[in-house]
>>> print(open('coords-v7.cif').read())   # mmCIF, N, CA and C atoms
data_protein
loop_
_atom_site.label_atom_id
_atom_site.label_comp_id
_atom_site.auth_asym_id
_atom_site.auth_seq_id
_atom_site.Cartn_x
_atom_site.Cartn_y
_atom_site.Cartn_z
N MET F 2 108.82 147.05 121.15
CA MET F 2 109.70 146.10 121.81
C MET F 2 109.67 146.34 123.32
N THR F 3 109.72 145.27 124.05
CA THR F 3 109.69 145.33 125.51
C THR F 3 111.06 145.73 126.03
N GLY F 4 111.10 146.68 126.98
CA GLY F 4 112.36 147.03 127.62
C GLY F 4 112.81 145.92 128.54
N ARG F 5 114.10 145.67 128.58
CA ARG F 5 114.64 144.56 129.37
C ARG F 5 114.26 144.67 130.85
N ALA F 6 114.19 145.88 131.37
CA ALA F 6 113.87 146.06 132.79
C ALA F 6 112.44 145.66 133.12
N SER F 7 111.57 145.63 132.11
CA SER F 7 110.17 145.30 132.36
C SER F 7 109.86 143.82 132.18
N ILE F 8 110.85 143.00 131.86
CA ILE F 8 110.61 141.57 131.64
C ILE F 8 110.43 140.88 132.98
N THR F 9 109.30 140.20 133.12
CA THR F 9 108.94 139.58 134.40
C THR F 9 108.81 138.06 134.31
N HIS F 10 109.18 137.48 133.17
CA HIS F 10 109.03 136.04 132.96
C HIS F 10 110.39 135.38 132.72
N LEU F 11 110.43 134.08 132.99
CA LEU F 11 111.63 133.28 132.78
C LEU F 11 111.23 132.00 132.08
N PHE F 12 111.91 131.68 130.97
CA PHE F 12 111.71 130.41 130.28
C PHE F 12 112.81 129.45 130.73
N VAL F 13 112.42 128.26 131.20
CA VAL F 13 113.39 127.25 131.64
C VAL F 13 113.19 125.98 130.84
N TYR F 14 114.30 125.29 130.54
CA TYR F 14 114.25 124.13 129.67
C TYR F 14 115.00 122.92 130.24
N GLY F 15 115.63 123.06 131.40
CA GLY F 15 116.47 121.98 131.90
C GLY F 15 116.36 121.79 133.40
N THR F 16 117.47 121.92 134.09
CA THR F 16 117.54 121.57 135.51
C THR F 16 116.79 122.54 136.42
N LEU F 17 116.32 123.66 135.89
CA LEU F 17 115.50 124.59 136.69
C LEU F 17 114.02 124.23 136.62
N ARG F 18 113.66 123.21 135.85
CA ARG F 18 112.26 122.78 135.76
C ARG F 18 111.88 121.94 136.98
N PRO F 19 110.59 121.96 137.35
CA PRO F 19 110.14 121.11 138.47
C PRO F 19 110.51 119.65 138.21
N GLY F 20 111.02 119.00 139.25
CA GLY F 20 111.41 117.61 139.13
C GLY F 20 112.88 117.42 138.84
N ASP F 21 113.60 118.50 138.56
CA ASP F 21 115.04 118.36 138.33
C ASP F 21 115.80 119.03 139.47
N VAL F 22 117.11 118.88 139.44
CA VAL F 22 117.95 119.15 140.61
C VAL F 22 118.00 120.60 141.07
N ARG F 23 117.75 121.57 140.20
CA ARG F 23 117.87 122.96 140.63
C ARG F 23 116.54 123.70 140.70
N TRP F 24 115.44 122.97 140.61
CA TRP F 24 114.13 123.60 140.75
C TRP F 24 114.04 124.34 142.08
N SER F 25 114.61 123.79 143.14
CA SER F 25 114.51 124.41 144.47
C SER F 25 115.15 125.80 144.50
N LEU F 26 116.09 126.06 143.61
CA LEU F 26 116.70 127.40 143.53
C LEU F 26 115.71 128.41 142.95
N LEU F 27 114.92 127.99 141.97
CA LEU F 27 113.98 128.89 141.31
C LEU F 27 112.64 129.00 142.03
N ALA F 28 112.19 127.92 142.64
CA ALA F 28 110.83 127.83 143.20
C ALA F 28 110.42 129.01 144.08
N PRO F 29 111.28 129.52 144.96
CA PRO F 29 110.84 130.63 145.82
C PRO F 29 110.52 131.93 145.06
N TYR F 30 110.98 132.02 143.83
CA TYR F 30 110.83 133.26 143.06
C TYR F 30 109.68 133.24 142.07
N VAL F 31 109.03 132.09 141.87
CA VAL F 31 107.97 132.03 140.87
C VAL F 31 106.64 132.44 141.47
N ALA F 32 105.84 133.14 140.66
CA ALA F 32 104.56 133.66 141.12
C ALA F 32 103.38 132.82 140.65
N ASP F 33 103.65 131.80 139.85
CA ASP F 33 102.57 130.98 139.32
C ASP F 33 103.09 129.57 139.04
N ASP F 34 102.21 128.72 138.52
CA ASP F 34 102.60 127.34 138.20
C ASP F 34 103.32 127.24 136.86
N GLY F 35 103.44 128.34 136.15
CA GLY F 35 104.07 128.32 134.85
C GLY F 35 103.19 127.65 133.81
N VAL F 36 103.61 127.78 132.57
CA VAL F 36 102.89 127.14 131.46
C VAL F 36 103.89 126.40 130.59
N ALA F 37 103.45 125.25 130.06
CA ALA F 37 104.28 124.56 129.08
C ALA F 37 104.44 125.51 127.89
N ASP F 38 105.66 125.61 127.38
CA ASP F 38 105.93 126.60 126.34
C ASP F 38 107.09 126.11 125.48
N THR F 39 107.36 126.83 124.42
CA THR F 39 108.46 126.51 123.52
C THR F 39 109.21 127.78 123.16
N VAL F 40 110.43 127.59 122.69
CA VAL F 40 111.25 128.67 122.14
C VAL F 40 111.97 128.09 120.93
N SER F 41 112.18 128.90 119.91
CA SER F 41 112.95 128.45 118.75
C SER F 41 114.40 128.23 119.15
N GLY F 42 114.95 127.09 118.75
CA GLY F 42 116.34 126.79 119.05
C GLY F 42 116.56 125.31 119.19
N SER F 43 117.72 124.96 119.70
CA SER F 43 118.08 123.56 119.93
C SER F 43 118.60 123.40 121.34
N VAL F 44 118.33 122.24 121.92
CA VAL F 44 118.84 121.92 123.25
C VAL F 44 119.80 120.75 123.10
N PHE F 45 120.88 120.79 123.87
CA PHE F 45 121.95 119.82 123.76
C PHE F 45 122.24 119.19 125.12
N ASP F 46 122.72 117.96 125.08
CA ASP F 46 123.21 117.27 126.28
C ASP F 46 124.70 117.56 126.37
N THR F 47 125.11 118.16 127.46
CA THR F 47 126.52 118.51 127.65
C THR F 47 127.36 117.32 128.10
N GLY F 48 126.68 116.24 128.51
CA GLY F 48 127.40 115.10 129.08
C GLY F 48 127.79 115.33 130.52
N ARG F 49 127.25 116.39 131.12
CA ARG F 49 127.58 116.75 132.51
C ARG F 49 126.32 116.87 133.37
N ASP F 50 125.27 116.18 133.00
CA ASP F 50 124.00 116.16 133.75
C ASP F 50 123.25 117.49 133.73
N TYR F 51 123.50 118.31 132.74
CA TYR F 51 122.72 119.52 132.53
C TYR F 51 122.71 119.84 131.03
N PRO F 52 121.66 120.51 130.57
CA PRO F 52 121.56 120.81 129.14
C PRO F 52 122.17 122.17 128.79
N ALA F 53 122.26 122.40 127.50
CA ALA F 53 122.69 123.68 126.96
C ALA F 53 121.75 124.02 125.81
N ALA F 54 121.33 125.27 125.73
CA ALA F 54 120.44 125.70 124.65
C ALA F 54 121.13 126.74 123.78
N VAL F 55 120.81 126.67 122.50
CA VAL F 55 121.20 127.71 121.55
C VAL F 55 119.90 128.17 120.91
N PHE F 56 119.56 129.42 121.10
CA PHE F 56 118.27 129.95 120.66
C PHE F 56 118.35 130.51 119.25
N GLY F 57 117.19 130.48 118.59
CA GLY F 57 117.04 131.20 117.33
C GLY F 57 117.19 130.38 116.07
N ASN F 58 117.58 129.11 116.14
CA ASN F 58 117.65 128.35 114.89
C ASN F 58 116.31 127.69 114.62
N SER F 59 116.27 126.77 113.69
CA SER F 59 114.98 126.24 113.22
C SER F 59 114.35 125.18 114.12
N GLY F 60 115.02 124.73 115.15
CA GLY F 60 114.46 123.71 116.03
C GLY F 60 113.49 124.30 117.04
N THR F 61 113.01 123.42 117.94
CA THR F 61 112.09 123.83 118.99
C THR F 61 112.57 123.30 120.33
N ILE F 62 112.67 124.17 121.32
CA ILE F 62 113.04 123.80 122.68
C ILE F 62 111.77 123.81 123.51
N ARG F 63 111.54 122.72 124.23
CA ARG F 63 110.36 122.61 125.08
C ARG F 63 110.74 122.89 126.53
N GLY F 64 109.90 123.64 127.22
CA GLY F 64 110.16 123.96 128.62
C GLY F 64 108.92 124.56 129.27
N ARG F 65 109.16 125.43 130.25
CA ARG F 65 108.06 126.13 130.95
C ARG F 65 108.42 127.60 131.08
N THR F 66 107.39 128.43 131.04
CA THR F 66 107.56 129.86 131.26
C THR F 66 106.88 130.22 132.56
N TYR F 67 107.63 130.91 133.42
CA TYR F 67 107.13 131.32 134.74
C TYR F 67 107.12 132.84 134.83
N ARG F 68 106.11 133.37 135.53
CA ARG F 68 106.11 134.78 135.92
C ARG F 68 106.86 134.84 137.25
N LEU F 69 107.81 135.75 137.34
CA LEU F 69 108.61 135.89 138.56
C LEU F 69 107.94 136.85 139.52
N ARG F 70 108.16 136.62 140.81
CA ARG F 70 107.57 137.47 141.85
C ARG F 70 108.26 138.84 141.89
N ALA F 71 107.44 139.87 141.85
CA ALA F 71 107.97 141.20 142.11
C ALA F 71 107.83 141.40 143.62
N PRO F 72 108.71 142.04 144.31
CA PRO F 72 109.86 142.80 143.81
C PRO F 72 111.16 142.00 143.81
N SER F 73 111.11 140.68 143.88
CA SER F 73 112.33 139.89 144.02
C SER F 73 112.93 139.44 142.68
N ILE F 74 112.48 140.01 141.57
CA ILE F 74 112.98 139.60 140.26
C ILE F 74 114.48 139.81 140.16
N ALA F 75 114.98 140.97 140.60
CA ALA F 75 116.42 141.24 140.53
C ALA F 75 117.20 140.23 141.37
N ASP F 76 116.69 139.88 142.55
CA ASP F 76 117.35 138.89 143.40
C ASP F 76 117.37 137.53 142.71
N CYS F 77 116.27 137.16 142.10
CA CYS F 77 116.18 135.89 141.38
C CYS F 77 117.21 135.84 140.26
N LEU F 78 117.25 136.87 139.44
CA LEU F 78 118.17 136.89 138.31
C LEU F 78 119.62 136.89 138.78
N ALA F 79 119.92 137.59 139.87
CA ALA F 79 121.29 137.58 140.40
C ALA F 79 121.68 136.18 140.86
N ALA F 80 120.77 135.49 141.56
CA ALA F 80 121.05 134.12 142.02
C ALA F 80 121.24 133.18 140.84
N LEU F 81 120.38 133.30 139.83
CA LEU F 81 120.49 132.43 138.66
C LEU F 81 121.74 132.75 137.84
N ASP F 82 122.07 134.04 137.70
CA ASP F 82 123.29 134.41 136.98
C ASP F 82 124.51 133.76 137.64
N HIS F 83 124.54 133.77 138.97
CA HIS F 83 125.64 133.14 139.69
C HIS F 83 125.65 131.63 139.44
N GLU F 84 124.50 131.00 139.58
CA GLU F 84 124.39 129.55 139.41
C GLU F 84 124.70 129.12 137.98
N GLU F 85 124.27 129.90 137.01
CA GLU F 85 124.46 129.54 135.60
C GLU F 85 125.86 129.90 135.09
N GLY F 86 126.65 130.57 135.91
CA GLY F 86 128.03 130.86 135.52
C GLY F 86 128.15 131.94 134.47
N THR F 87 127.27 132.95 134.52
CA THR F 87 127.34 133.99 133.50
C THR F 87 128.65 134.77 133.56
N VAL F 88 129.22 134.92 134.74
CA VAL F 88 130.48 135.65 134.88
C VAL F 88 131.61 134.89 134.19
N GLU F 89 131.60 133.56 134.34
CA GLU F 89 132.64 132.73 133.74
C GLU F 89 132.40 132.49 132.26
N GLY F 90 131.23 132.84 131.76
CA GLY F 90 130.92 132.68 130.35
C GLY F 90 130.27 131.36 129.98
N ALA F 91 129.94 130.53 130.98
CA ALA F 91 129.30 129.25 130.67
C ALA F 91 127.96 129.47 129.98
N TYR F 92 127.18 130.38 130.52
CA TYR F 92 125.87 130.74 129.96
C TYR F 92 125.74 132.24 129.97
N ARG F 93 124.83 132.74 129.14
CA ARG F 93 124.51 134.16 129.16
C ARG F 93 123.00 134.30 129.21
N ARG F 94 122.55 135.28 129.96
CA ARG F 94 121.11 135.54 130.07
C ARG F 94 120.68 136.40 128.89
N VAL F 95 119.67 135.93 128.18
CA VAL F 95 119.18 136.61 126.99
C VAL F 95 117.66 136.73 127.07
N VAL F 96 117.09 137.55 126.21
CA VAL F 96 115.64 137.67 126.10
C VAL F 96 115.19 136.85 124.90
N VAL F 97 114.19 136.00 125.13
CA VAL F 97 113.59 135.20 124.05
C VAL F 97 112.11 135.53 123.97
N THR F 98 111.52 135.24 122.84
CA THR F 98 110.06 135.31 122.71
C THR F 98 109.56 133.88 122.62
N THR F 99 108.70 133.51 123.55
CA THR F 99 108.22 132.13 123.61
C THR F 99 107.15 131.88 122.55
N GLY F 100 106.84 130.60 122.37
CA GLY F 100 105.77 130.23 121.45
C GLY F 100 104.44 130.84 121.85
N GLY F 101 104.28 131.12 123.14
CA GLY F 101 103.07 131.78 123.65
C GLY F 101 103.09 133.29 123.50
N GLY F 102 104.17 133.83 122.90
CA GLY F 102 104.26 135.27 122.65
C GLY F 102 104.76 136.09 123.82
N VAL F 103 105.36 135.44 124.82
CA VAL F 103 105.84 136.13 126.02
C VAL F 103 107.33 136.45 125.87
N ALA F 104 107.71 137.68 126.18
CA ALA F 104 109.13 138.03 126.28
C ALA F 104 109.61 137.52 127.63
N ALA F 105 110.66 136.70 127.61
CA ALA F 105 111.13 136.06 128.84
C ALA F 105 112.64 135.99 128.85
N TRP F 106 113.19 136.01 130.05
CA TRP F 106 114.61 135.73 130.23
C TRP F 106 114.84 134.24 130.01
N ALA F 107 116.01 133.88 129.53
CA ALA F 107 116.41 132.49 129.38
C ALA F 107 117.93 132.45 129.38
N TYR F 108 118.48 131.28 129.64
CA TYR F 108 119.93 131.13 129.68
C TYR F 108 120.40 130.33 128.47
N GLU F 109 121.28 130.97 127.69
CA GLU F 109 121.82 130.38 126.47
C GLU F 109 123.27 129.97 126.70
N TYR F 110 123.65 128.87 126.11
CA TYR F 110 125.00 128.35 126.25
C TYR F 110 126.00 129.33 125.66
N GLY F 111 127.11 129.51 126.35
CA GLY F 111 128.05 130.54 125.95
C GLY F 111 129.47 130.10 125.65
N ARG F 112 129.79 128.82 125.78
CA ARG F 112 131.17 128.43 125.46
C ARG F 112 131.22 126.99 125.00
N GLY F 113 132.34 126.60 124.43
CA GLY F 113 132.45 125.33 123.74
C GLY F 113 132.63 124.09 124.61
N LEU F 114 131.79 123.14 124.36
CA LEU F 114 131.92 121.75 124.80
C LEU F 114 131.47 120.91 123.62
N ASP F 115 131.80 119.64 123.63
CA ASP F 115 131.25 118.75 122.63
C ASP F 115 129.81 118.46 123.04
N LEU F 116 128.88 118.98 122.27
CA LEU F 116 127.47 118.90 122.62
C LEU F 116 126.75 117.88 121.75
N ILE F 117 125.80 117.18 122.36
CA ILE F 117 124.98 116.20 121.66
C ILE F 117 123.57 116.77 121.58
N ARG F 118 123.09 117.02 120.35
CA ARG F 118 121.75 117.60 120.18
C ARG F 118 120.69 116.63 120.66
N ILE F 119 119.71 117.13 121.41
CA ILE F 119 118.57 116.34 121.87
C ILE F 119 117.46 116.54 120.84
N ALA F 120 117.21 115.50 120.05
CA ALA F 120 116.30 115.61 118.91
C ALA F 120 114.89 116.03 119.30
N SER F 121 114.41 115.59 120.47
CA SER F 121 113.05 115.92 120.90
C SER F 121 112.90 117.38 121.31
N GLY F 122 114.03 118.05 121.60
CA GLY F 122 113.98 119.42 122.09
C GLY F 122 113.60 119.52 123.56
N ASP F 123 113.53 118.37 124.25
CA ASP F 123 113.08 118.33 125.65
C ASP F 123 114.11 117.60 126.49
N TRP F 124 114.72 118.31 127.44
CA TRP F 124 115.71 117.73 128.34
C TRP F 124 115.16 116.52 129.07
N PHE F 125 113.86 116.53 129.41
CA PHE F 125 113.25 115.41 130.13
C PHE F 125 112.98 114.22 129.22
N ASP F 126 113.13 114.38 127.90
CA ASP F 126 112.87 113.31 126.93
C ASP F 126 114.12 113.09 126.09
N ARG F 127 115.20 112.73 126.76
CA ARG F 127 116.47 112.56 126.05
C ARG F 127 116.89 111.11 126.00
#
>>> encode(input="coords-v7.cif", output="structure tokens")
Amino acid sequence: MTGRASITHLFVYGTLRPGDVRWSLLAPYVADDGVADTVSGSVFDTGRDYPAAVFGNSGTIRGRTYRLRAPSIADCLAALDHEEGTVEGAYRRVVVTTGGGVAAWAYEYGRGLDLIRIASGDWFDR
């Protein structure tokens, strides 16, 4: 098993993807163009212009996996933790294994809203 400190990738499925509103927050920290990837789980429309993911069930979430720039990985994760509201409990940062076999950080939904499942598993195809 990979130690959490050695994880250098991030899986994104929503507003952190290129073309959406928060890509500019992530862009300075990525070391590559990323790859189209998947993670087991479901993605939901929160009704607030951003998605929520729940990992590990039988569905498929579509997104991209990026390698983060060293040595700024800790800075990147701190900025994203703040933006994603991990302190308030909106999201929590977890480790997922992507369809490509990469251990990556990802943000999972952490508190209750009335959520609408996105059948395609893709925030951009809702």
>>> resolve_selection(input="coords-v7.cif", expression="the PyMOL selection byres (((chain F and resi 96 and name CA) around 7) and name CA)", output="list in words")
Val95, Val97, Thr98, Ala104, Ala105, Trp106 and Ala107 of chain F
>>> resolve_selection(input="coords-v7.cif", expression="the PyMOL selection byres ((chain F and resi 100) around 6.5)", output="PyMOL selection string")
chain F and resi 38-41+98-99+101-103
>>> select_by_dssp(input="coords-v7.cif", residues="chain F", states="strand (DSSP E or B)", output="VMD selection string")
chain F and resid 10 to 13 31 36 to 46 52 to 69 92 to 98 104 to 110 117 to 118
>>> resolve_selection(input="coords-v7.cif", expression="the PyMOL selection byres (((chain F and resi 15-23 and name CA) around 9) and name CA)", output="list in words")
Val13, Tyr14, Trp24, Ser25, Leu26, Leu27, Ala28, Val44, Asp50, Tyr51, Pro52, Ala53, Gly64, Arg65, Asp123, Trp124 and Phe125 of chain F
>>> residues_near_point(input="coords-v7.cif", point="(112.4, 144.2, 136.0)", cutoff="12 Å", atoms="only C-alpha atoms", output="PyMOL selection string")
chain F and resi 3-11+68-79+104-106
>>> write_last_selection(input="coords-v7.cif", atoms="N, CA and C atoms", output="short mmCIF file (atom, residue, chain, number, x, y, z; two decimals), keeping the file's coordinate frame")
data_model
loop_
_atom_site.label_atom_id
_atom_site.label_comp_id
_atom_site.auth_asym_id
_atom_site.auth_seq_id
_atom_site.Cartn_x
_atom_site.Cartn_y
_atom_site.Cartn_z
N THR F 3 109.72 145.27 124.05
CA THR F 3 109.69 145.33 125.51
C THR F 3 111.06 145.73 126.03
N GLY F 4 111.10 146.68 126.98
CA GLY F 4 112.36 147.03 127.62
C GLY F 4 112.81 145.92 128.54
N ARG F 5 114.10 145.67 128.58
CA ARG F 5 114.64 144.56 129.37
C ARG F 5 114.26 144.67 130.85
N ALA F 6 114.19 145.88 131.37
CA ALA F 6 113.87 146.06 132.79
C ALA F 6 112.44 145.66 133.12
N SER F 7 111.57 145.63 132.11
CA SER F 7 110.17 145.30 132.36
C SER F 7 109.86 143.82 132.18
N ILE F 8 110.85 143.00 131.86
CA ILE F 8 110.61 141.57 131.64
C ILE F 8 110.43 140.88 132.98
N THR F 9 109.30 140.20 133.12
CA THR F 9 108.94 139.58 134.40
C THR F 9 108.81 138.06 134.31
N HIS F 10 109.18 137.48 133.17
CA HIS F 10 109.03 136.04 132.96
C HIS F 10 110.39 135.38 132.72
N LEU F 11 110.43 134.08 132.99
CA LEU F 11 111.63 133.28 132.78
C LEU F 11 111.23 132.00 132.08
N ARG F 68 106.11 133.37 135.53
CA ARG F 68 106.11 134.78 135.92
C ARG F 68 106.86 134.84 137.25
N LEU F 69 107.81 135.75 137.34
CA LEU F 69 108.61 135.89 138.56
C LEU F 69 107.94 136.85 139.52
N ARG F 70 108.16 136.62 140.81
CA ARG F 70 107.57 137.47 141.85
C ARG F 70 108.26 138.84 141.89
N ALA F 71 107.44 139.87 141.85
CA ALA F 71 107.97 141.20 142.11
C ALA F 71 107.83 141.40 143.62
N PRO F 72 108.71 142.04 144.31
CA PRO F 72 109.86 142.80 143.81
C PRO F 72 111.16 142.00 143.81
N SER F 73 111.11 140.68 143.88
CA SER F 73 112.33 139.89 144.02
C SER F 73 112.93 139.44 142.68
N ILE F 74 112.48 140.01 141.57
CA ILE F 74 112.98 139.60 140.26
C ILE F 74 114.48 139.81 140.16
N ALA F 75 114.98 140.97 140.60
CA ALA F 75 116.42 141.24 140.53
C ALA F 75 117.20 140.23 141.37
N ASP F 76 116.69 139.88 142.55
CA ASP F 76 117.35 138.89 143.40
C ASP F 76 117.37 137.53 142.71
N CYS F 77 116.27 137.16 142.10
CA CYS F 77 116.18 135.89 141.38
C CYS F 77 117.21 135.84 140.26
N LEU F 78 117.25 136.87 139.44
CA LEU F 78 118.17 136.89 138.31
C LEU F 78 119.62 136.89 138.78
N ALA F 79 119.92 137.59 139.87
CA ALA F 79 121.29 137.58 140.40
C ALA F 79 121.68 136.18 140.86
N ALA F 104 107.71 137.68 126.18
CA ALA F 104 109.13 138.03 126.28
C ALA F 104 109.61 137.52 127.63
N ALA F 105 110.66 136.70 127.61
CA ALA F 105 111.13 136.06 128.84
C ALA F 105 112.64 135.99 128.85
N TRP F 106 113.19 136.01 130.05
CA TRP F 106 114.61 135.73 130.23
C TRP F 106 114.84 134.24 130.01
#
>>> atom_distance(input="coords-v7.cif", atom1="CA of Gly60 (chain F)", atom2="atom N of Gly122 (chain F)")
8.0 Å
>>> residues_around(input="coords-v7.cif", residues="Ile119 (chain F)", least_positions_apart="4", cutoff="7 Å", atoms="only N, CA and C atoms", output="list in words")
Ser43, Val44, Phe45, Asp46, Asp123, Asp126 and Arg127 of chain F
>>> select_by_dssp(input="coords-v7.cif", residues="chain F", states="helix (DSSP H, G or I)", output="PyMOL selection string")
chain F and resi 5-7+24-30+74-85+124-126
>>> atom_distance(input="coords-v7.cif", atom1="atom N of Val55 (chain F)", atom2="CA of Arg118 (chain F)")
9.4 Å
>>> atom_distance(input="coords-v7.cif", atom1="atom C of Ala37 (chain F)", atom2="atom N of Arg93 (chain F)")
21.7 Å
